[in-house]
>>> print(open('input18.pdb').read())   # PDB, C-alpha atoms
ATOM      1  CA  MET A   1     114.398  73.569 105.458
ATOM      2  CA  LYS A   2     116.031  75.253 108.425
ATOM      3  CA  ILE A   3     114.123  77.044 111.169
ATOM      4  CA  PHE A   4     115.849  79.739 113.228
ATOM      5  CA  LYS A   5     114.031  80.773 116.408
ATOM      6  CA  MET A   6     114.981  84.345 117.106
ATOM      7  CA  SER A   7     114.235  87.293 119.351
ATOM      8  CA  SER A   8     112.926  90.329 117.493
ATOM      9  CA  GLU A   9     114.515  92.637 120.073
ATOM     10  CA  ASN A  10     117.912  90.928 120.156
ATOM     11  CA  PRO A  11     118.424  89.032 116.873
ATOM     12  CA  ASP A  12     121.306  86.604 116.456
ATOM     13  CA  MET A  13     123.497  88.289 113.853
ATOM     14  CA  ASP A  14     125.391  85.062 113.120
ATOM     15  CA  LEU A  15     122.100  83.481 112.087
ATOM     16  CA  ILE A  16     121.234  86.593 110.078
ATOM     17  CA  SER A  17     124.534  86.183 108.222
ATOM     18  CA  GLU A  18     123.660  82.556 107.490
ATOM     19  CA  ALA A  19     120.293  83.667 106.131
ATOM     20  CA  ILE A  20     122.024  86.180 103.848
ATOM     21  CA  ASP A  21     124.346  83.424 102.600
ATOM     22  CA  ILE A  22     121.327  81.244 101.807
ATOM     23  CA  MET A  23     119.782  84.032  99.729
ATOM     24  CA  ALA A  24     123.118  84.771  98.071
ATOM     25  CA  ASP A  25     123.093  81.134  96.904
ATOM     26  CA  GLY A  26     119.599  81.468  95.465
ATOM     27  CA  GLY A  27     117.612  80.373  98.505
ATOM     28  CA  ILE A  28     114.234  81.602  99.731
ATOM     29  CA  ILE A  29     113.574  82.685 103.300
ATOM     30  CA  LEU A  30     110.454  83.329 105.356
ATOM     31  CA  TYR A  31     111.114  86.301 107.624
ATOM     32  CA  PRO A  32     109.321  88.788 109.899
ATOM     33  CA  THR A  33     108.882  92.521 109.296
ATOM     34  CA  ASP A  34     107.170  95.360 111.139
ATOM     35  CA  THR A  35     103.964  94.426 109.314
ATOM     36  CA  VAL A  36     103.658  90.742 108.326
ATOM     37  CA  TYR A  37     105.902  87.766 107.550
ATOM     38  CA  GLY A  38     107.433  88.022 104.083
ATOM     39  CA  LEU A  39     109.167  85.884 101.486
ATOM     40  CA  GLY A  40     112.706  86.977 100.728
ATOM     41  CA  ALA A  41     115.076  86.334  97.843
ATOM     42  CA  ASN A  42     118.046  88.145  96.340
ATOM     43  CA  ILE A  43     116.443  90.456  93.766
ATOM     44  CA  PHE A  44     119.435  89.988  91.457
ATOM     45  CA  ASN A  45     118.861  86.231  91.198
ATOM     46  CA  ASN A  46     116.102  85.760  88.621
ATOM     47  CA  ASP A  47     115.669  82.045  89.359
ATOM     48  CA  ALA A  48     115.115  82.793  93.041
ATOM     49  CA  VAL A  49     112.642  85.554  92.206
ATOM     50  CA  LYS A  50     110.721  83.163  89.949
ATOM     51  CA  ARG A  51     110.515  80.705  92.861
ATOM     52  CA  ILE A  52     108.736  83.370  94.912
ATOM     53  CA  TYR A  53     106.024  83.573  92.246
ATOM     54  CA  GLU A  54     105.749  79.789  92.204
ATOM     55  CA  ILE A  55     105.450  79.523  95.983
ATOM     56  CA  LYS A  56     102.757  82.198  96.111
ATOM     57  CA  LYS A  57     101.043  80.997  92.900
ATOM     58  CA  ARG A  58     101.255  84.621  91.854
ATOM     59  CA  ASP A  59     100.767  85.934  88.339
ATOM     60  CA  ALA A  60     104.186  86.885  86.954
ATOM     61  CA  SER A  61     102.759  90.144  85.627
ATOM     62  CA  LYS A  62     102.215  91.394  89.190
ATOM     63  CA  PRO A  63     105.299  93.078  90.650
ATOM     64  CA  LEU A  64     107.098  92.223  93.856
ATOM     65  CA  SER A  65     108.189  94.923  96.267
ATOM     66  CA  VAL A  66     111.808  95.292  97.340
ATOM     67  CA  LEU A  67     113.220  95.683 100.847
ATOM     68  CA  VAL A  68     116.378  97.713 101.343
ATOM     69  CA  GLN A  69     118.470  98.510 104.395
ATOM     70  CA  ASN A  70     118.401 102.304 104.212
ATOM     71  CA  VAL A  71     117.678 105.307 101.996
ATOM     72  CA  GLU A  72     121.129 105.132 100.432
ATOM     73  CA  SER A  73     120.389 101.596  99.279
ATOM     74  CA  LEU A  74     116.953 102.686  98.063
ATOM     75  CA  GLU A  75     118.540 105.203  95.700
ATOM     76  CA  LEU A  76     120.499 102.399  94.030
ATOM     77  CA  ILE A  77     117.269 100.854  92.729
ATOM     78  CA  ALA A  78     114.818 103.771  92.421
ATOM     79  CA  ASP A  79     114.749 107.456  91.533
ATOM     80  CA  LEU A  80     113.973 110.118  94.121
ATOM     81  CA  ASN A  81     113.188 113.730  93.388
ATOM     82  CA  LYS A  82     113.106 116.515  95.976
ATOM     83  CA  GLY A  83     109.520 115.829  97.019
ATOM     84  CA  SER A  84     109.707 112.056  97.184
ATOM     85  CA  ARG A  85     113.038 112.221  99.026
ATOM     86  CA  ALA A  86     111.487 114.436 101.702
ATOM     87  CA  ILE A  87     108.598 111.985 102.146
ATOM     88  CA  VAL A  88     110.887 108.970 102.262
ATOM     89  CA  ASN A  89     113.190 110.622 104.787
ATOM     90  CA  LYS A  90     110.243 111.553 107.000
ATOM     91  CA  TRP A  91     108.335 108.263 106.984
ATOM     92  CA  LEU A  92     111.005 105.585 106.694
ATOM     93  CA  PRO A  93     111.834 103.332 108.417
ATOM     94  CA  GLY A  94     108.183 102.450 108.887
ATOM     95  CA  PRO A  95     105.192 100.394 107.713
ATOM     96  CA  PHE A  96     105.064 101.918 104.227
ATOM     97  CA  THR A  97     105.717 100.734 100.698
ATOM     98  CA  PHE A  98     106.582 103.605  98.371
ATOM     99  CA  ILE A  99     106.148 103.104  94.646
ATOM    100  CA  LEU A 100     108.904 104.877  92.727
ATOM    101  CA  ASN A 101     110.315 104.916  89.231
ATOM    102  CA  LYS A 102     112.764 102.057  89.139
ATOM    103  CA  LYS A 103     116.320 102.008  87.838
ATOM    104  CA  LYS A 104     117.499  99.574  85.173
ATOM    105  CA  ILE A 105     119.294  97.475  87.771
ATOM    106  CA  VAL A 106     115.889  96.113  88.875
ATOM    107  CA  SER A 107     115.030  93.031  86.838
ATOM    108  CA  PRO A 108     111.717  92.799  84.968
ATOM    109  CA  TYR A 109     111.225  89.543  86.885
ATOM    110  CA  VAL A 110     110.839  91.694  90.007
ATOM    111  CA  SER A 111     108.727  94.343  88.298
ATOM    112  CA  ALA A 112     107.821  94.310  84.626
ATOM    113  CA  SER A 113     106.720  97.952  84.728
ATOM    114  CA  ALA A 114     108.787 101.120  85.008
ATOM    115  CA  LYS A 115     107.998 101.295  88.733
ATOM    116  CA  VAL A 116     109.019  99.410  91.842
ATOM    117  CA  GLY A 117     107.640  99.323  95.386
ATOM    118  CA  VAL A 118     110.290  99.825  98.048
ATOM    119  CA  ARG A 119     110.228  99.188 101.803
ATOM    120  CA  ILE A 120     112.510 100.031 104.722
ATOM    121  CA  PRO A 121     110.805  98.386 107.692
ATOM    122  CA  ASP A 122     111.279  99.605 111.235
ATOM    123  CA  TYR A 123     112.504  96.139 112.132
ATOM    124  CA  LYS A 124     116.143  95.216 112.713
ATOM    125  CA  ILE A 125     115.910  91.620 111.469
ATOM    126  CA  ALA A 126     114.400  92.672 108.146
ATOM    127  CA  THR A 127     116.806  95.507 107.393
ATOM    128  CA  SER A 128     119.808  93.407 108.474
ATOM    129  CA  LEU A 129     118.799  90.737 105.954
ATOM    130  CA  ALA A 130     119.165  93.367 103.205
ATOM    131  CA  SER A 131     122.627  94.522 104.275
ATOM    132  CA  LEU A 132     124.443  93.037 101.254
ATOM    133  CA  PHE A 133     121.764  93.209  98.545
ATOM    134  CA  PRO A 134     118.091  94.192  98.282
ATOM    135  CA  ILE A 135     115.619  91.380  98.873
ATOM    136  CA  THR A 136     112.048  90.727  97.844
ATOM    137  CA  THR A 137     109.351  91.592 100.322
ATOM    138  CA  THR A 138     105.952  90.116  99.637
ATOM    139  CA  SER A 139     103.464  88.722 102.105
ATOM    140  CA  ALA A 140     104.027  85.028 102.836
ATOM    141  CA  ASN A 141     100.710  83.692 101.623
ATOM    142  CA  LEU A 142      99.119  82.118  98.598
ATOM    143  CA  THR A 143      97.614  84.654  96.226
ATOM    144  CA  ASN A 144      94.069  85.605  97.273
ATOM    145  CA  GLU A 145      94.375  83.645 100.515
ATOM    146  CA  ASP A 146      94.516  85.002 104.068
ATOM    147  CA  THR A 147      97.724  86.610 105.286
ATOM    148  CA  LEU A 148      98.624  84.678 108.439
ATOM    149  CA  SER A 149     100.669  85.828 111.410
ATOM    150  CA  ASN A 150     102.307  82.605 112.613
ATOM    151  CA  PRO A 151     105.103  80.762 110.741
ATOM    152  CA  GLN A 152     103.596  77.325 111.387
ATOM    153  CA  ASP A 153     100.245  78.386 109.942
ATOM    154  CA  ILE A 154     101.994  80.071 107.014
ATOM    155  CA  LEU A 155     103.903  76.905 106.140
ATOM    156  CA  ARG A 156     100.723  74.864 106.260
ATOM    157  CA  GLN A 157      99.255  77.255 103.711
ATOM    158  CA  ILE A 158     102.190  77.778 101.322
ATOM    159  CA  GLY A 159     104.006  74.466 101.792
ATOM    160  CA  ASN A 160     107.615  73.805 102.728
ATOM    161  CA  ASP A 161     109.334  75.072  99.587
ATOM    162  CA  VAL A 162     111.415  77.629 101.476
ATOM    163  CA  ASP A 163     114.989  77.117 102.554
ATOM    164  CA  LEU A 164     114.908  78.956 105.866
ATOM    165  CA  VAL A 165     112.336  80.247 108.346
ATOM    166  CA  ILE A 166     113.176  83.023 110.801
ATOM    167  CA  ASP A 167     110.602  82.504 113.534
ATOM    168  CA  VAL A 168     109.959  85.264 116.068
ATOM    169  CA  GLY A 169     106.550  83.877 116.963
ATOM    170  CA  ASP A 170     103.092  85.147 116.173
ATOM    171  CA  LEU A 171     102.969  88.738 114.936
ATOM    172  CA  GLY A 172      99.435  89.139 116.243
ATOM    173  CA  ASN A 173      97.057  91.457 114.427
ATOM    174  CA  ALA A 174      99.716  92.674 112.030
ATOM    175  CA  LYS A 175      98.484  94.591 109.013
ATOM    176  CA  PRO A 176     100.105  94.921 105.588
ATOM    177  CA  SER A 177     102.070  98.041 104.767
ATOM    178  CA  THR A 178     100.384 101.174 103.496
ATOM    179  CA  VAL A 179     101.251 101.627  99.820
ATOM    180  CA  ILE A 180     101.787 105.138  98.466
ATOM    181  CA  ASP A 181     102.609 105.854  94.817
ATOM    182  CA  LEU A 182     105.268 108.584  94.616
ATOM    183  CA  SER A 183     106.086 108.044  90.953
ATOM    184  CA  SER A 184     104.167 111.138  89.825
ATOM    185  CA  SER A 185     103.914 114.689  91.132
ATOM    186  CA  LYS A 186     101.082 113.957  93.596
ATOM    187  CA  PRO A 187     101.258 111.098  96.143
ATOM    188  CA  THR A 188      98.480 108.564  95.580
ATOM    189  CA  LEU A 189      97.154 106.101  98.131
ATOM    190  CA  VAL A 190      97.170 102.573  96.671
ATOM    191  CA  ARG A 191      96.527 100.511  99.817
ATOM    192  CA  ASN A 192      95.784 101.651 103.329
ATOM    193  CA  GLY A 193      97.284  99.491 106.045
ATOM    194  CA  PHE A 194      95.801 101.675 108.772
ATOM    195  CA  ASP A 195      92.303 101.859 110.263
ATOM    196  CA  SER A 196      91.665 105.299 108.831
ATOM    197  CA  GLY A 197      89.407 104.603 105.866
ATOM    198  CA  ASP A 198      90.573 106.398 102.758
ATOM    199  CA  ASP A 199      91.898 109.368 104.686
ATOM    200  CA  PHE A 200      95.650 109.732 104.667
ATOM    201  CA  SER A 201      95.738 113.437 105.404
ATOM    202  CA  PHE A 202      98.307 112.597 108.070
ATOM    203  CA  PHE A 203     100.646 111.845 105.193
ATOM    204  CA  THR A 204     102.277 115.187 104.574
ATOM    205  CA  ILE A 205     105.794 116.486 104.200
TER     206      ILE A 205
END
>>> encode(input="input18.pdb", output="structure tokens")
Amino acid sequence: MKIFKMSSENPDMDLISEAIDIMADGGIILYPTDTVYGLGANIFNNDAVKRIYEIKKRDASKPLSVLVQNVESLELIADLNKGSRAIVNKWLPGPFTFILNKKKIVSPYVSASAKVGVRIPDYKIATSLASLFPITTTSANLTNEDTLSNPQDILRQIGNDVDLVIDVGDLGNAKPSTVIDLSSSKPTLVRNGFDSGDDFSFFTI
């Protein structure tokens, strides 16, 4: 296992390229986002995706979300209509996961349903990691266990079965992304990552 110490403000792009190569070869990385640390794999490598489930001890019937570099990349894996495109363009990059109808290119190992959750974090390291292919983005924790903010604590919880850690230090009181389902005509709040109860009236076009 390699560990890359990195600045979140000024990431080492040579090390980012090495991380991409590791995922291209089927490796798993632990990496920071604008919310929490995540586990990343090339979504087109089914064996690597299956390793994510094994590391997290996650039920294979539960989907993984996908991280892409930009909206153009998002449209390669999911369908946008006029309304959902306006929402995506307004709120991304940002701490949101949008559930959309997926395209056939997305493996059932990533999501067995007709939908897929997609993220574009407001975080240069994370989006740079997805510059060649979309990657998985799922919190780096064991299923039903606490989501931790420090790579050392995370590794103590999940074990060392990752190939690379990108360590920018403790993310502090980071919260998971807010999940909004845009797969039907009316946006639906699935998970609120903000301290606003069930109110997401701020979420308008």
>>> residues_around(input="input18.pdb", residues="Arg51 (chain A)", least_positions_apart="6", cutoff="9 Å", atoms="only C-alpha atoms", output="tab-separated table (two decimals) with C-alpha atoms, keeping the file's coordinate frame")
chain	number	residue	atom	x	y	z
A	28	ILE	CA	114.23	81.60	99.73
A	41	ALA	CA	115.08	86.33	97.84
A	161	ASP	CA	109.33	75.07	99.59
>>> closest_residue(input="input18.pdb", among="A:Asp181, A:Asp153, A:Asp21, A:Glu145", to="Lys56 (chain A)", atoms="only C-alpha atoms")
A:Glu145
>>> atom_distance(input="input18.pdb", atom1="CA of Leu129 (chain A)", atom2="CA of Ser184 (chain A)")
29.8 Å
>>> resolve_selection(input="input18.pdb", expression="the PyMOL selection byres ((chain A and resi 59-69) around 7)", output="list in words")
Tyr53, Lys57, Arg58, Asn70, Ser73, Leu74, Val110, Ser111, Ala112, Val116, Gly117, Val118, Arg119, Ile120, Thr127, Ser128, Ala130, Ser131, Pro134, Ile135, Thr136, Thr137 and Thr138 of chain A
>>> resolve_selection(input="input18.pdb", expression="the PyMOL selection byres ((chain A and resi 20) around 9)", output="list in words")
Leu15, Ile16, Ser17, Glu18, Ala19, Asp21, Ile22, Met23, Ala24, Asp25, Asn42, Ser128, Leu129, Ala130, Ser131, Leu132 and Phe133 of chain A
>>> resolve_selection(input="input18.pdb", expression="the PyMOL selection byres ((chain A and resi 185) around 12)", output="number ranges by chain")
A: 80-84, 100-101, 181-184, 186-188
>>> atom_distance(input="input18.pdb", atom1="CA of Lys124 (chain A)", atom2="CA of Met13 (chain A)")
10.2 Å
>>> decode(input="input18.pdb", residues="region 113-127 of chain A", atoms="N, CA and C atoms", output="PDB file, in the first residue's frame")
ATOM      1  N   SER A 113     -29.835  -1.459 -10.293  1.00  0.00           N
ATOM      2  CA  SER A 113     -31.116  -0.873 -10.688  1.00  0.00           C
ATOM      3  C   SER A 113     -30.949  -0.076 -11.977  1.00  0.00           C
ATOM      4  N   ALA A 114     -32.006   0.595 -12.372  1.00  0.00           N
ATOM      5  CA  ALA A 114     -31.973   1.427 -13.580  1.00  0.00           C
ATOM      6  C   ALA A 114     -31.434   2.824 -13.292  1.00  0.00           C
ATOM      7  N   LYS A 115     -31.029   3.064 -12.040  1.00  0.00           N
ATOM      8  CA  LYS A 115     -30.577   4.388 -11.628  1.00  0.00           C
ATOM      9  C   LYS A 115     -29.125   4.351 -11.175  1.00  0.00           C
ATOM     10  N   VAL A 116     -28.520   5.528 -11.136  1.00  0.00           N
ATOM     11  CA  VAL A 116     -27.160   5.635 -10.614  1.00  0.00           C
ATOM     12  C   VAL A 116     -27.007   6.995  -9.942  1.00  0.00           C
ATOM     13  N   GLY A 117     -26.322   7.014  -8.794  1.00  0.00           N
ATOM     14  CA  GLY A 117     -25.999   8.269  -8.126  1.00  0.00           C
ATOM     15  C   GLY A 117     -24.699   8.824  -8.672  1.00  0.00           C
ATOM     16  N   VAL A 118     -24.700  10.122  -8.955  1.00  0.00           N
ATOM     17  CA  VAL A 118     -23.532  10.744  -9.592  1.00  0.00           C
ATOM     18  C   VAL A 118     -23.097  11.967  -8.794  1.00  0.00           C
ATOM     19  N   ARG A 119     -21.777  12.107  -8.629  1.00  0.00           N
ATOM     20  CA  ARG A 119     -21.190  13.241  -7.921  1.00  0.00           C
ATOM     21  C   ARG A 119     -20.174  13.964  -8.795  1.00  0.00           C
ATOM     22  N   ILE A 120     -20.129  15.291  -8.640  1.00  0.00           N
ATOM     23  CA  ILE A 120     -19.013  16.117  -9.116  1.00  0.00           C
ATOM     24  C   ILE A 120     -18.612  16.987  -7.932  1.00  0.00           C
ATOM     25  N   PRO A 121     -17.660  16.540  -7.142  1.00  0.00           N
ATOM     26  CA  PRO A 121     -17.287  17.308  -5.948  1.00  0.00           C
ATOM     27  C   PRO A 121     -16.623  18.635  -6.312  1.00  0.00           C
ATOM     28  N   ASP A 122     -16.733  19.575  -5.407  1.00  0.00           N
ATOM     29  CA  ASP A 122     -16.005  20.836  -5.540  1.00  0.00           C
ATOM     30  C   ASP A 122     -14.649  20.649  -4.869  1.00  0.00           C
ATOM     31  N   TYR A 123     -13.829  19.803  -5.502  1.00  0.00           N
ATOM     32  CA  TYR A 123     -12.575  19.380  -4.878  1.00  0.00           C
ATOM     33  C   TYR A 123     -11.650  18.900  -5.992  1.00  0.00           C
ATOM     34  N   LYS A 124     -10.557  19.627  -6.207  1.00  0.00           N
ATOM     35  CA  LYS A 124      -9.710  19.381  -7.373  1.00  0.00           C
ATOM     36  C   LYS A 124      -9.123  17.979  -7.395  1.00  0.00           C
ATOM     37  N   ILE A 125      -8.674  17.474  -6.237  1.00  0.00           N
ATOM     38  CA  ILE A 125      -8.087  16.134  -6.210  1.00  0.00           C
ATOM     39  C   ILE A 125      -9.084  15.113  -6.721  1.00  0.00           C
ATOM     40  N   ALA A 126     -10.316  15.174  -6.210  1.00  0.00           N
ATOM     41  CA  ALA A 126     -11.322  14.174  -6.561  1.00  0.00           C
ATOM     42  C   ALA A 126     -11.678  14.223  -8.050  1.00  0.00           C
ATOM     43  N   THR A 127     -11.922  15.401  -8.570  1.00  0.00           N
ATOM     44  CA  THR A 127     -12.312  15.478  -9.984  1.00  0.00           C
ATOM     45  C   THR A 127     -11.137  15.134 -10.905  1.00  0.00           C
TER      46      THR A 127
END
